[in-house]
file model_19.txt (compact mmCIF, C-alpha atoms)
# COMPACT_ATOMS: atom_id res chain seq x y z
CA MET Z 19 -5.13 134.20 -26.02
CA ALA Z 20 -3.81 136.09 -22.99
CA VAL Z 21 -0.38 135.70 -21.46
CA ARG Z 22 -0.02 132.22 -19.97
CA GLY Z 23 1.42 131.92 -16.46
CA SER Z 24 1.98 134.48 -13.72
CA ILE Z 25 4.91 136.04 -11.87
CA PRO Z 26 5.31 138.49 -8.94
CA GLU Z 27 5.41 142.23 -9.51
CA THR Z 28 8.94 142.54 -8.12
CA MET Z 29 12.10 140.42 -7.90
CA LYS Z 30 15.62 140.34 -6.55
CA ALA Z 31 18.17 141.69 -9.02
CA LEU Z 32 21.69 143.05 -9.32
CA VAL Z 33 21.49 146.30 -11.26
CA ALA Z 34 24.31 148.30 -12.85
CA TYR Z 35 23.15 151.91 -12.84
CA SER Z 36 26.56 153.20 -13.92
CA LYS Z 37 30.18 152.03 -13.86
CA ASP Z 38 30.40 153.35 -10.31
CA ASN Z 39 27.05 152.12 -9.09
CA TYR Z 40 26.19 148.40 -8.95
CA ARG Z 41 23.40 147.67 -6.45
CA PHE Z 42 21.46 144.69 -5.19
CA GLU Z 43 17.75 145.45 -5.36
CA ALA Z 44 15.35 143.39 -3.26
CA ALA Z 45 12.21 144.63 -5.06
CA TYR Z 46 13.11 145.46 -8.66
CA PRO Z 47 10.25 145.41 -11.21
CA THR Z 48 9.91 142.05 -12.91
CA PRO Z 49 9.98 142.01 -16.72
CA LYS Z 50 6.66 142.32 -18.54
CA CYS Z 51 5.69 139.56 -20.94
CA GLY Z 52 4.72 140.82 -24.36
CA PRO Z 53 2.83 138.76 -26.96
CA ASP Z 54 6.07 137.34 -28.44
CA ASP Z 55 8.03 136.96 -25.20
CA ILE Z 56 9.03 134.16 -22.85
CA ILE Z 57 9.69 134.83 -19.16
CA ILE Z 58 11.89 132.36 -17.31
CA LYS Z 59 12.54 131.99 -13.60
CA THR Z 60 16.30 131.87 -13.27
CA GLU Z 61 17.83 128.72 -11.80
CA GLY Z 62 21.47 129.71 -12.08
CA CYS Z 63 23.81 132.32 -13.56
CA GLY Z 64 27.56 132.09 -13.94
CA ILE Z 65 29.89 135.06 -13.54
CA CYS Z 66 31.92 135.56 -16.70
CA THR Z 67 35.33 137.24 -16.74
CA SER Z 68 33.71 139.88 -18.92
CA ASP Z 69 31.16 140.56 -16.15
CA VAL Z 70 34.06 141.10 -13.75
CA LYS Z 71 35.94 143.36 -16.17
CA CYS Z 72 32.80 145.39 -16.80
CA TYR Z 73 32.33 145.75 -13.04
CA HIS Z 74 35.92 146.94 -12.79
CA LYS Z 75 35.18 149.72 -15.32
CA ALA Z 76 37.12 148.37 -18.33
CA GLY Z 77 37.08 150.80 -21.23
CA ARG Z 78 35.94 148.01 -23.55
CA TYR Z 79 32.51 148.39 -21.95
CA TRP Z 80 32.19 151.90 -20.56
CA GLY Z 81 34.18 153.79 -23.20
CA GLU Z 82 37.73 155.04 -23.11
CA GLY Z 83 39.62 157.44 -25.36
CA VAL Z 84 38.35 156.96 -28.92
CA MET Z 85 36.36 153.89 -27.86
CA PRO Z 86 32.68 154.71 -27.28
CA ALA Z 87 30.69 153.17 -24.45
CA TRP Z 88 29.05 149.89 -25.44
CA VAL Z 89 26.92 149.05 -22.39
CA LYS Z 90 23.62 150.84 -21.90
CA PRO Z 91 22.68 151.21 -18.22
CA PRO Z 92 20.74 150.60 -16.18
CA PHE Z 93 21.15 146.90 -16.92
CA ILE Z 94 21.09 143.59 -15.11
CA PRO Z 95 24.37 141.70 -15.74
CA GLY Z 96 24.77 138.04 -16.58
CA HIS Z 97 24.67 136.02 -19.80
CA GLU Z 98 25.61 132.54 -18.50
CA PHE Z 99 22.16 131.63 -17.24
CA PHE Z 100 19.30 129.18 -17.60
CA GLY Z 101 15.88 128.73 -16.08
CA ARG Z 102 12.33 127.46 -16.42
CA VAL Z 103 9.45 129.00 -18.33
CA VAL Z 104 6.91 130.73 -16.11
CA GLN Z 105 5.15 132.97 -18.66
CA LEU Z 106 4.46 132.73 -22.39
CA GLY Z 107 3.18 135.43 -24.70
CA GLU Z 108 0.05 134.72 -26.72
CA ASN Z 109 2.00 134.36 -29.99
CA VAL Z 110 4.65 131.99 -28.64
CA GLU Z 111 4.48 128.42 -29.91
CA GLY Z 112 6.63 125.36 -29.29
CA TYR Z 113 7.30 126.01 -25.60
CA GLU Z 114 5.49 125.05 -22.42
CA ILE Z 115 5.31 126.34 -18.86
CA GLY Z 116 7.94 124.56 -16.80
CA GLU Z 117 10.34 123.81 -19.66
CA ARG Z 118 14.01 124.51 -19.03
CA LEU Z 119 15.68 126.97 -21.42
CA ALA Z 120 18.96 128.72 -22.13
CA ALA Z 121 19.77 131.23 -24.89
CA ASP Z 122 22.72 132.50 -26.88
CA GLN Z 123 24.23 135.67 -25.42
CA ILE Z 124 23.56 137.72 -28.54
CA VAL Z 125 20.08 138.98 -29.36
CA PRO Z 126 20.35 139.31 -33.15
CA CYS Z 127 18.40 141.99 -34.96
CA GLY Z 128 17.58 139.69 -37.89
CA LYS Z 129 17.90 142.59 -40.34
CA CYS Z 130 21.61 143.42 -40.81
CA LYS Z 131 23.78 141.74 -43.45
CA PHE Z 132 25.38 139.48 -40.85
CA CYS Z 133 22.03 138.18 -39.61
CA LYS Z 134 20.68 137.77 -43.14
CA THR Z 135 23.67 135.63 -44.13
CA GLY Z 136 23.54 133.33 -41.09
CA ARG Z 137 26.32 135.09 -39.16
CA TYR Z 138 23.96 136.23 -36.42
CA TRP Z 139 26.62 136.27 -33.69
CA MET Z 140 28.26 139.25 -35.41
CA CYS Z 141 24.98 141.19 -35.61
CA GLN Z 142 25.77 144.85 -36.31
CA PRO Z 143 23.72 146.39 -33.45
CA HIS Z 144 25.26 143.69 -31.22
CA ASP Z 145 22.76 143.74 -28.39
CA MET Z 146 23.66 141.15 -25.77
CA LEU Z 147 21.90 139.77 -22.75
CA GLY Z 148 23.31 141.29 -19.61
CA TYR Z 149 24.65 144.58 -20.96
CA MET Z 150 21.71 146.69 -22.13
CA SER Z 151 18.66 148.04 -20.33
CA TYR Z 152 16.39 146.35 -22.89
CA THR Z 153 18.28 142.99 -22.85
CA ASN Z 154 18.63 142.37 -19.13
CA GLY Z 155 20.62 139.36 -18.00
CA GLY Z 156 20.45 136.50 -15.55
CA MET Z 157 21.57 138.09 -12.29
CA ALA Z 158 17.91 138.41 -11.41
CA GLU Z 159 15.08 136.08 -10.43
CA TYR Z 160 13.29 136.51 -13.76
CA VAL Z 161 14.48 137.17 -17.33
CA ARG Z 162 12.61 138.02 -20.51
CA TYR Z 163 13.48 136.30 -23.78
CA THR Z 164 12.26 138.40 -26.67
CA LYS Z 165 11.23 137.11 -30.09
CA ASN Z 166 14.76 137.54 -31.49
CA CYS Z 167 16.52 135.55 -28.76
CA VAL Z 168 18.15 132.31 -29.92
CA VAL Z 169 16.54 129.95 -27.39
CA HIS Z 170 17.45 126.32 -26.69
CA LYS Z 171 15.76 123.62 -24.62
CA VAL Z 172 17.73 122.11 -21.73
CA PRO Z 173 16.98 118.63 -20.36
CA SER Z 174 15.17 118.79 -17.04
CA ASP Z 175 17.50 116.18 -15.57
CA LEU Z 176 20.76 117.88 -16.57
CA ALA Z 177 22.70 118.52 -13.37
CA PHE Z 178 22.79 122.15 -12.22
CA GLU Z 179 26.60 122.32 -12.38
CA LYS Z 180 26.56 121.09 -15.98
CA ALA Z 181 23.77 123.43 -17.05
CA LEU Z 182 25.76 126.35 -15.64
CA LEU Z 183 28.53 125.55 -18.16
CA ILE Z 184 26.38 125.59 -21.31
CA GLU Z 185 27.31 129.14 -22.29
CA PRO Z 186 31.07 129.07 -21.53
CA TYR Z 187 31.55 125.63 -23.08
CA SER Z 188 29.69 126.81 -26.19
CA CYS Z 189 32.17 129.67 -26.49
CA SER Z 190 34.98 127.14 -26.05
CA LYS Z 191 33.62 125.00 -28.85
CA HIS Z 192 33.47 127.93 -31.27
CA ALA Z 193 37.07 128.91 -30.51
CA VAL Z 194 38.32 125.37 -31.22
CA ASP Z 195 36.18 125.13 -34.35
CA ARG Z 196 37.78 128.33 -35.65
CA ALA Z 197 41.15 126.57 -35.54
CA SER Z 198 40.03 123.68 -37.81
CA VAL Z 199 41.97 121.16 -35.72
CA THR Z 200 43.07 117.92 -37.42
CA ASN Z 201 44.73 114.75 -36.15
CA GLU Z 202 48.06 115.99 -37.54
CA ASP Z 203 48.16 119.16 -35.44
CA VAL Z 204 50.15 120.02 -32.35
CA LEU Z 205 47.63 122.18 -30.51
CA VAL Z 206 48.52 124.50 -27.62
CA ILE Z 207 45.74 125.97 -25.48
CA SER Z 208 47.01 128.80 -23.30
CA GLY Z 209 44.86 129.09 -20.19
CA SER Z 210 43.17 126.29 -18.26
CA GLY Z 211 40.38 128.20 -16.58
CA THR Z 212 36.74 127.40 -17.27
CA LEU Z 213 36.93 128.34 -20.95
CA GLY Z 214 40.32 126.72 -21.47
CA LEU Z 215 39.09 123.50 -19.89
CA GLY Z 216 36.03 123.60 -22.12
CA MET Z 217 38.37 123.93 -25.10
CA ILE Z 218 40.51 121.05 -23.88
CA THR Z 219 37.67 118.59 -23.34
CA TYR Z 220 36.18 119.48 -26.74
CA ALA Z 221 39.53 119.50 -28.54
CA ARG Z 222 40.13 115.99 -27.22
CA MET Z 223 37.24 114.90 -29.46
CA LYS Z 224 39.21 116.24 -32.46
CA ASN Z 225 42.08 113.88 -31.63
CA PRO Z 226 44.99 116.25 -32.35
CA LYS Z 227 48.45 114.76 -32.68
CA LEU Z 228 49.41 116.45 -29.42
CA LEU Z 229 47.25 118.53 -27.08
CA ILE Z 230 49.25 120.81 -24.78
CA ALA Z 231 47.72 122.95 -22.01
CA LEU Z 232 49.36 125.94 -20.34
CA ASP Z 233 48.51 127.72 -17.10
CA MET Z 234 50.24 129.47 -14.22
CA VAL Z 235 48.29 127.43 -11.65
CA ASP Z 236 49.37 123.82 -11.19
CA ALA Z 237 45.97 122.71 -9.90
CA ARG Z 238 44.40 123.86 -13.15
CA LEU Z 239 47.01 121.94 -15.11
CA GLU Z 240 46.10 118.78 -13.23
CA LYS Z 241 42.49 119.37 -14.24
CA ALA Z 242 43.63 119.94 -17.84
CA LYS Z 243 45.31 116.52 -17.83
CA GLU Z 244 42.15 114.98 -16.43
CA PHE Z 245 40.14 116.62 -19.21
CA GLY Z 246 42.35 115.29 -22.02
CA ALA Z 247 45.59 117.27 -22.36
CA ASP Z 248 48.56 115.10 -23.35
CA LEU Z 249 51.09 117.46 -21.78
CA VAL Z 250 50.85 120.46 -19.44
CA PHE Z 251 53.34 123.23 -18.71
CA ASN Z 252 53.46 126.11 -16.26
CA PRO Z 253 55.05 129.15 -17.98
CA GLY Z 254 56.18 130.41 -14.59
CA LYS Z 255 58.29 127.31 -14.02
CA CYS Z 256 59.76 126.45 -17.41
CA ASP Z 257 60.76 127.89 -20.79
CA ILE Z 258 57.62 127.27 -22.86
CA GLU Z 259 59.27 128.08 -26.16
CA LYS Z 260 62.08 125.63 -25.47
CA GLU Z 261 59.66 122.87 -24.43
CA ILE Z 262 57.39 123.22 -27.45
CA LYS Z 263 60.22 123.58 -29.95
CA ALA Z 264 61.78 120.40 -28.50
CA LEU Z 265 58.53 118.55 -29.14
CA THR Z 266 58.19 119.77 -32.74
CA GLU Z 267 61.70 119.37 -34.21
CA GLY Z 268 62.29 123.07 -33.66
CA TYR Z 269 59.32 124.26 -35.72
CA GLY Z 270 56.74 125.20 -33.08
CA CYS Z 271 53.09 124.27 -32.61
CA ASP Z 272 50.63 124.20 -35.49
CA ILE Z 273 47.82 125.91 -33.57
CA TYR Z 274 47.87 128.24 -30.58
CA ILE Z 275 44.59 129.24 -28.89
CA GLU Z 276 44.88 132.18 -26.49
CA ALA Z 277 42.40 131.91 -23.61
CA THR Z 278 43.95 133.90 -20.75
CA GLY Z 279 43.28 137.54 -21.62
CA HIS Z 280 46.82 138.43 -20.52
CA PRO Z 281 49.20 140.25 -22.90
CA SER Z 282 52.11 137.93 -22.05
CA SER Z 283 50.16 134.97 -23.43
CA VAL Z 284 49.85 136.68 -26.81
CA ILE Z 285 53.58 137.37 -27.01
CA GLN Z 286 54.29 133.82 -25.88
CA GLY Z 287 52.04 132.44 -28.60
CA LEU Z 288 53.77 134.36 -31.35
CA ARG Z 289 57.07 132.87 -30.18
CA VAL Z 290 55.98 129.23 -29.95
CA ILE Z 291 53.84 128.95 -33.09
CA ARG Z 292 55.41 127.65 -36.30
CA LYS Z 293 55.56 129.49 -39.61
CA MET Z 294 52.16 129.49 -41.36
CA GLY Z 295 50.52 128.32 -38.14
CA THR Z 296 47.05 129.28 -36.89
CA PHE Z 297 46.67 131.66 -33.94
CA VAL Z 298 43.16 131.95 -32.45
CA GLU Z 299 42.51 134.86 -30.10
CA PHE Z 300 39.52 134.34 -27.84
CA SER Z 301 39.97 136.48 -24.73
CA VAL Z 302 38.67 139.86 -23.66
CA PHE Z 303 41.62 141.92 -22.43
CA GLY Z 304 41.67 144.36 -19.55
CA GLN Z 305 44.51 146.31 -21.15
CA GLU Z 306 46.06 146.90 -24.55
CA THR Z 307 48.58 144.41 -25.89
CA THR Z 308 51.61 145.51 -27.89
CA VAL Z 309 53.40 143.04 -30.17
CA ASP Z 310 55.73 143.13 -33.15
CA TRP Z 311 53.25 142.67 -35.99
CA SER Z 312 56.05 141.89 -38.43
CA ILE Z 313 56.13 138.42 -36.85
CA ILE Z 314 52.58 137.82 -38.09
CA GLY Z 315 53.33 138.87 -41.65
CA ASP Z 316 56.94 139.06 -42.72
CA GLY Z 317 58.20 136.67 -40.05
CA LYS Z 318 55.79 133.73 -40.05
CA GLU Z 319 52.86 134.44 -42.38
CA LEU Z 320 50.41 133.37 -39.70
CA ASN Z 321 46.70 132.71 -39.95
CA LEU Z 322 45.39 135.09 -37.28
CA LEU Z 323 41.76 134.41 -36.27
CA GLY Z 324 39.38 135.78 -33.69
CA ALA Z 325 36.68 133.84 -31.86
CA HIS Z 326 33.57 135.54 -30.51
CA LEU Z 327 30.60 134.05 -28.69
CA SER Z 328 29.11 130.63 -29.44
CA PRO Z 329 27.24 130.42 -32.76
CA TYR Z 330 25.46 127.16 -33.49
CA ALA Z 331 27.20 125.56 -30.51
CA TYR Z 332 24.48 125.23 -27.86
CA PRO Z 333 22.74 122.08 -29.20
CA PHE Z 334 26.02 120.13 -29.43
CA VAL Z 335 27.20 121.30 -26.01
CA ILE Z 336 23.88 120.54 -24.30
CA GLU Z 337 23.82 117.05 -25.82
CA ASN Z 338 27.41 116.26 -24.87
CA LEU Z 339 27.12 117.69 -21.39
CA ALA Z 340 24.15 115.39 -20.91
CA ASN Z 341 25.91 112.27 -22.20
CA GLY Z 342 29.14 113.03 -20.32
CA LYS Z 343 31.44 113.33 -23.33
CA LEU Z 344 32.31 116.89 -22.30
CA LYS Z 345 34.01 116.70 -18.91
CA THR Z 346 32.84 119.03 -16.16
CA ASP Z 347 33.86 117.53 -12.80
CA GLY Z 348 35.14 120.21 -10.45
CA VAL Z 349 34.77 123.16 -12.83
CA VAL Z 350 32.00 124.86 -10.82
CA THR Z 351 33.80 125.74 -7.60
CA HIS Z 352 31.60 128.22 -5.72
CA LEU Z 353 27.91 129.12 -5.72
CA PHE Z 354 26.44 132.17 -4.00
CA ARG Z 355 23.10 133.78 -3.27
CA LEU Z 356 22.49 136.94 -5.28
CA GLU Z 357 22.62 139.01 -2.08
CA GLU Z 358 26.28 137.96 -1.80
CA TRP Z 359 27.16 139.43 -5.19
CA GLU Z 360 30.16 141.47 -4.00
CA LYS Z 361 31.81 138.41 -2.49
CA ALA Z 362 30.93 136.38 -5.58
CA PHE Z 363 32.50 138.91 -7.95
CA GLU Z 364 35.63 138.99 -5.82
CA GLN Z 365 35.79 135.18 -5.92
CA ALA Z 366 35.30 135.20 -9.70
CA ALA Z 367 38.12 137.68 -10.30
CA GLY Z 368 40.68 134.87 -10.35
CA GLY Z 369 42.80 135.75 -7.36
CA CYS Z 370 41.38 132.89 -5.31
CA GLY Z 371 42.25 130.22 -7.89
CA ASP Z 372 38.61 129.36 -8.57
CA LEU Z 373 37.24 128.18 -11.88
CA LYS Z 374 33.51 128.85 -12.43
CA VAL Z 375 31.76 130.95 -9.81
CA GLY Z 376 28.05 131.63 -10.04
CA PHE Z 377 24.70 132.28 -8.43
CA LYS Z 378 22.10 129.68 -7.52
CA PHE Z 379 18.50 130.82 -7.13
CA ASP Z 380 15.83 129.29 -4.96
call {"tool": "encode", "arguments": {"input": "model_19.txt", "output": "structure tokens"}}
result
Amino acid sequence: MAVRGSIPETMKALVAYSKDNYRFEAAYPTPKCGPDDIIIKTEGCGICTSDVKCYHKAGRYWGEGVMPAWVKPPFIPGHEFFGRVVQLGENVEGYEIGERLAADQIVPCGKCKFCKTGRYWMCQPHDMLGYMSYTNGGMAEYVRYTKNCVVHKVPSDLAFEKALLIEPYSCSKHAVDRASVTNEDVLVISGSGTLGLGMITYARMKNPKLLIALDMVDARLEKAKEFGADLVFNPGKCDIEKEIKALTEGYGCDIYIEATGHPSSVIQGLRVIRKMGTFVEFSVFGQETTVDWSIIGDGKELNLLGAHLSPYAYPFVIENLANGKLKTDGVVTHLFRLEEWEKAFEQAAGGCGDLKVGFKFD
């Protein structure tokens, strides 16, 4: 059986040729559909903070000092995307032309010890959509899902603004799951941006004893209350340690999830968390963070956990976005055409107070 469906020879795409050379291309070659591939026509693609940091040449991506480069240009950015099937390889079964799909960010190799033991999101090669020349992302009119992509079906009637939040909310779910929240816990989520709000609306389902949200922007704190936070505090306007200690008989919170990517939030968390508490670090940082590690060990004997990507989270998130249990109102704040990518990246950088910024395709 030949490839099913057809697509144009060229497409619009944002291409990163190097850390100093991002360009909009009006006639970039469309991906070729192999026998095991799926080609989707992109409906929408969100701009992640990591996309912005990569664009701003962060060493985490392009290499710095002893850290080797991770990205492999030329690549098309974007991993927060979804679209409809327009081509299917001859070996592909279980999918139809016109179906709506989204996929995990990671493209697991299926061969390393992490993949073989079900921990595919920590795949050793760690190829991700939107960062490698052979795993191009969603800032283009068409995207190729290879055989190893972890693909999920998206309801056709799911609102665009909700579908755009599938990837970030899935990351939020994983971060909260890492904390093993119970109904006896005082949980602090530092950061009420898109990911923080996703954590808050999901954490509300866990029914913690007290759910506290922090952010430097009061409008985001109002949204955090709307999404389920019991209490909100602005660290720029009050003494967070004093407030949280007062609420916990002087002990501190049981769980602290860091979702800002700012060094001050890490230091703050180590101050406000109780002895033997659980600290979950989610963010990608633009700069190194220095802390007194003796607090983690000798001082408080903390459980220090990382959270990366969104393993096994997409089905739950898609279902609960569709049924409205995960709140989304007002999270998507600005949508742009791909040709406006420079303005969109500027808007997504956080200085304008926006939450989720993304691209909408025709």
call {"tool": "residues_around", "arguments": {"input": "model_19.txt", "residues": "region 164-166 of chain Z", "least_positions_apart": "4", "cutoff": "6 Å", "atoms": "only C-alpha atoms", "output": "list in words"}}
result
Asp54, Asp55 and Val125 of chain Z
call {"tool": "closest_atom_pairs", "arguments": {"input": "model_19.txt", "of": "region 301-339 of chain Z", "to": "region 56-70 of chain Z", "cutoff": "12 Å", "atoms": "all atoms listed in the file", "output": "JSON lines"}}
result
{"residue": "Z:Ser301", "atom": "CA", "partner": "Z:Ser68", "partner_atom": "CA", "distance": 9.2}
{"residue": "Z:Val302", "atom": "CA", "partner": "Z:Ser68", "partner_atom": "CA", "distance": 6.9}
{"residue": "Z:Phe303", "atom": "CA", "partner": "Z:Ser68", "partner_atom": "CA", "distance": 8.9}
{"residue": "Z:Gly304", "atom": "CA", "partner": "Z:Ser68", "partner_atom": "CA", "distance": 9.2}
{"residue": "Z:Leu327", "atom": "CA", "partner": "Z:Ser68", "partner_atom": "CA", "distance": 11.8}
call {"tool": "residues_around", "arguments": {"input": "model_19.txt", "residues": "Gly136 (chain Z)", "least_positions_apart": "6", "cutoff": "12 Å", "atoms": "only C-alpha atoms", "output": "PDB file with C-alpha atoms, keeping the file's coordinate frame"}}
result
ATOM      1  CA  PRO Z 126      20.350 139.310 -33.150  1.00  0.00           C
ATOM      2  CA  CYS Z 127      18.400 141.990 -34.960  1.00  0.00           C
ATOM      3  CA  GLY Z 128      17.580 139.690 -37.890  1.00  0.00           C
ATOM      4  CA  LYS Z 129      17.900 142.590 -40.340  1.00  0.00           C
ATOM      5  CA  CYS Z 130      21.610 143.420 -40.810  1.00  0.00           C
ATOM      6  CA  PRO Z 329      27.240 130.420 -32.760  1.00  0.00           C
ATOM      7  CA  TYR Z 330      25.460 127.160 -33.490  1.00  0.00           C
TER       8      TYR Z 330
END
call {"tool": "atom_distance", "arguments": {"input": "model_19.txt", "atom1": "CA of Gly371 (chain Z)", "atom2": "CA of Gly254 (chain Z)"}}
result
15.5 Å
call {"tool": "residues_around", "arguments": {"input": "model_19.txt", "residues": "Gly112 (chain Z)", "least_positions_apart": "4", "cutoff": "12 Å", "atoms": "all atoms listed in the file", "output": "short mmCIF file (atom, residue, chain, number, x, y, z; two decimals) with C-alpha atoms, in the coordinates of the input"}}
result
data_model
loop_
_atom_site.label_atom_id
_atom_site.label_comp_id
_atom_site.auth_asym_id
_atom_site.auth_seq_id
_atom_site.Cartn_x
_atom_site.Cartn_y
_atom_site.Cartn_z
CA ILE Z 56 9.03 134.16 -22.85
CA VAL Z 103 9.45 129.00 -18.33
CA LEU Z 106 4.46 132.73 -22.39
CA GLY Z 107 3.18 135.43 -24.70
CA GLU Z 108 0.05 134.72 -26.72
CA GLU Z 117 10.34 123.81 -19.66
CA VAL Z 169 16.54 129.95 -27.39
CA HIS Z 170 17.45 126.32 -26.69
CA LYS Z 171 15.76 123.62 -24.62
#
call {"tool": "closest_residue", "arguments": {"input": "model_19.txt", "among": "Z:Tyr73, Z:Asn201, Z:Val33, Z:Thr219", "to": "Glu364 (chain Z)", "atoms": "only C-alpha atoms"}}
result
Z:Tyr73
call {"tool": "closest_residue", "arguments": {"input": "model_19.txt", "among": "Z:Ile314, Z:Leu183, Z:Ile124, Z:Cys189", "to": "Ser328 (chain Z)", "atoms": "all atoms listed in the file"}}
result
Z:Cys189
call {"tool": "closest_residue", "arguments": {"input": "model_19.txt", "among": "Z:Tyr274, Z:Tyr149, Z:Tyr113, Z:Tyr138", "to": "His97 (chain Z)", "atoms": "all atoms listed in the file"}}
result
Z:Tyr149
call {"tool": "build_atoms", "arguments": {"input": "model_19.txt", "residues": "region 332-339 of chain Z", "atoms": "all heavy atoms", "output": "CSV table (one decimal), in the frame of the given file"}}
result
chain,number,residue,atom,x,y,z
Z,332,TYR,N,25.3,125.7,-29.0
Z,332,TYR,CA,24.5,125.2,-27.9
Z,332,TYR,C,23.9,123.8,-28.0
Z,332,TYR,O,24.0,123.0,-27.0
Z,332,TYR,CB,23.3,126.2,-27.6
Z,332,TYR,CG,23.7,127.4,-26.7
Z,332,TYR,CD1,24.8,128.2,-27.0
Z,332,TYR,CD2,22.9,127.7,-25.6
Z,332,TYR,CE1,25.1,129.3,-26.1
Z,332,TYR,CE2,23.2,128.7,-24.7
Z,332,TYR,CZ,24.3,129.5,-25.0
Z,332,TYR,OH,24.6,130.6,-24.2
Z,333,PRO,N,23.3,123.4,-29.1
Z,333,PRO,CA,22.7,122.1,-29.2
Z,333,PRO,C,23.8,121.0,-29.0
Z,333,PRO,O,23.5,120.0,-28.2
Z,333,PRO,CB,22.2,122.0,-30.6
Z,333,PRO,CG,21.8,123.5,-30.9
Z,333,PRO,CD,22.9,124.2,-30.3
Z,334,PHE,N,25.0,121.1,-29.6
Z,334,PHE,CA,26.0,120.1,-29.4
Z,334,PHE,C,26.5,120.1,-28.0
Z,334,PHE,O,26.6,119.0,-27.4
Z,334,PHE,CB,27.2,120.5,-30.3
Z,334,PHE,CG,28.4,119.6,-30.2
Z,334,PHE,CD1,28.5,118.4,-30.9
Z,334,PHE,CD2,29.4,119.8,-29.2
Z,334,PHE,CE1,29.6,117.6,-30.8
Z,334,PHE,CE2,30.5,119.0,-29.0
Z,334,PHE,CZ,30.6,117.9,-29.8
Z,335,VAL,N,26.7,121.2,-27.4
Z,335,VAL,CA,27.2,121.3,-26.0
Z,335,VAL,C,26.2,120.7,-25.0
Z,335,VAL,O,26.5,119.9,-24.1
Z,335,VAL,CB,27.6,122.7,-25.6
Z,335,VAL,CG1,27.8,122.9,-24.1
Z,335,VAL,CG2,28.8,123.2,-26.4
Z,336,ILE,N,24.9,121.1,-25.2
Z,336,ILE,CA,23.9,120.5,-24.3
Z,336,ILE,C,23.8,119.0,-24.4
Z,336,ILE,O,23.8,118.3,-23.4
Z,336,ILE,CB,22.5,121.2,-24.6
Z,336,ILE,CG1,22.5,122.7,-24.2
Z,336,ILE,CG2,21.4,120.4,-23.9
Z,336,ILE,CD1,21.3,123.5,-24.7
Z,337,GLU,N,23.9,118.5,-25.6
Z,337,GLU,CA,23.8,117.0,-25.8
Z,337,GLU,C,25.0,116.4,-25.2
Z,337,GLU,O,24.9,115.3,-24.5
Z,337,GLU,CB,23.8,116.7,-27.3
Z,337,GLU,CG,23.8,115.3,-27.6
Z,337,GLU,CD,23.9,115.0,-29.1
Z,337,GLU,OE1,23.7,115.9,-29.9
Z,337,GLU,OE2,24.1,113.8,-29.5
Z,338,ASN,N,26.2,116.9,-25.3
Z,338,ASN,CA,27.4,116.3,-24.9
Z,338,ASN,C,27.7,116.6,-23.4
Z,338,ASN,O,28.5,115.8,-22.8
Z,338,ASN,CB,28.6,116.6,-25.8
Z,338,ASN,CG,28.5,115.9,-27.1
Z,338,ASN,OD1,28.9,114.7,-27.2
Z,338,ASN,ND2,27.9,116.5,-28.1
Z,339,LEU,N,27.1,117.6,-22.8
Z,339,LEU,CA,27.1,117.7,-21.4
Z,339,LEU,C,26.2,116.6,-20.8
Z,339,LEU,O,26.6,116.0,-19.8
Z,339,LEU,CB,26.6,119.1,-21.0
Z,339,LEU,CG,27.6,120.2,-21.1
Z,339,LEU,CD1,26.9,121.6,-20.9
Z,339,LEU,CD2,28.8,120.1,-20.3
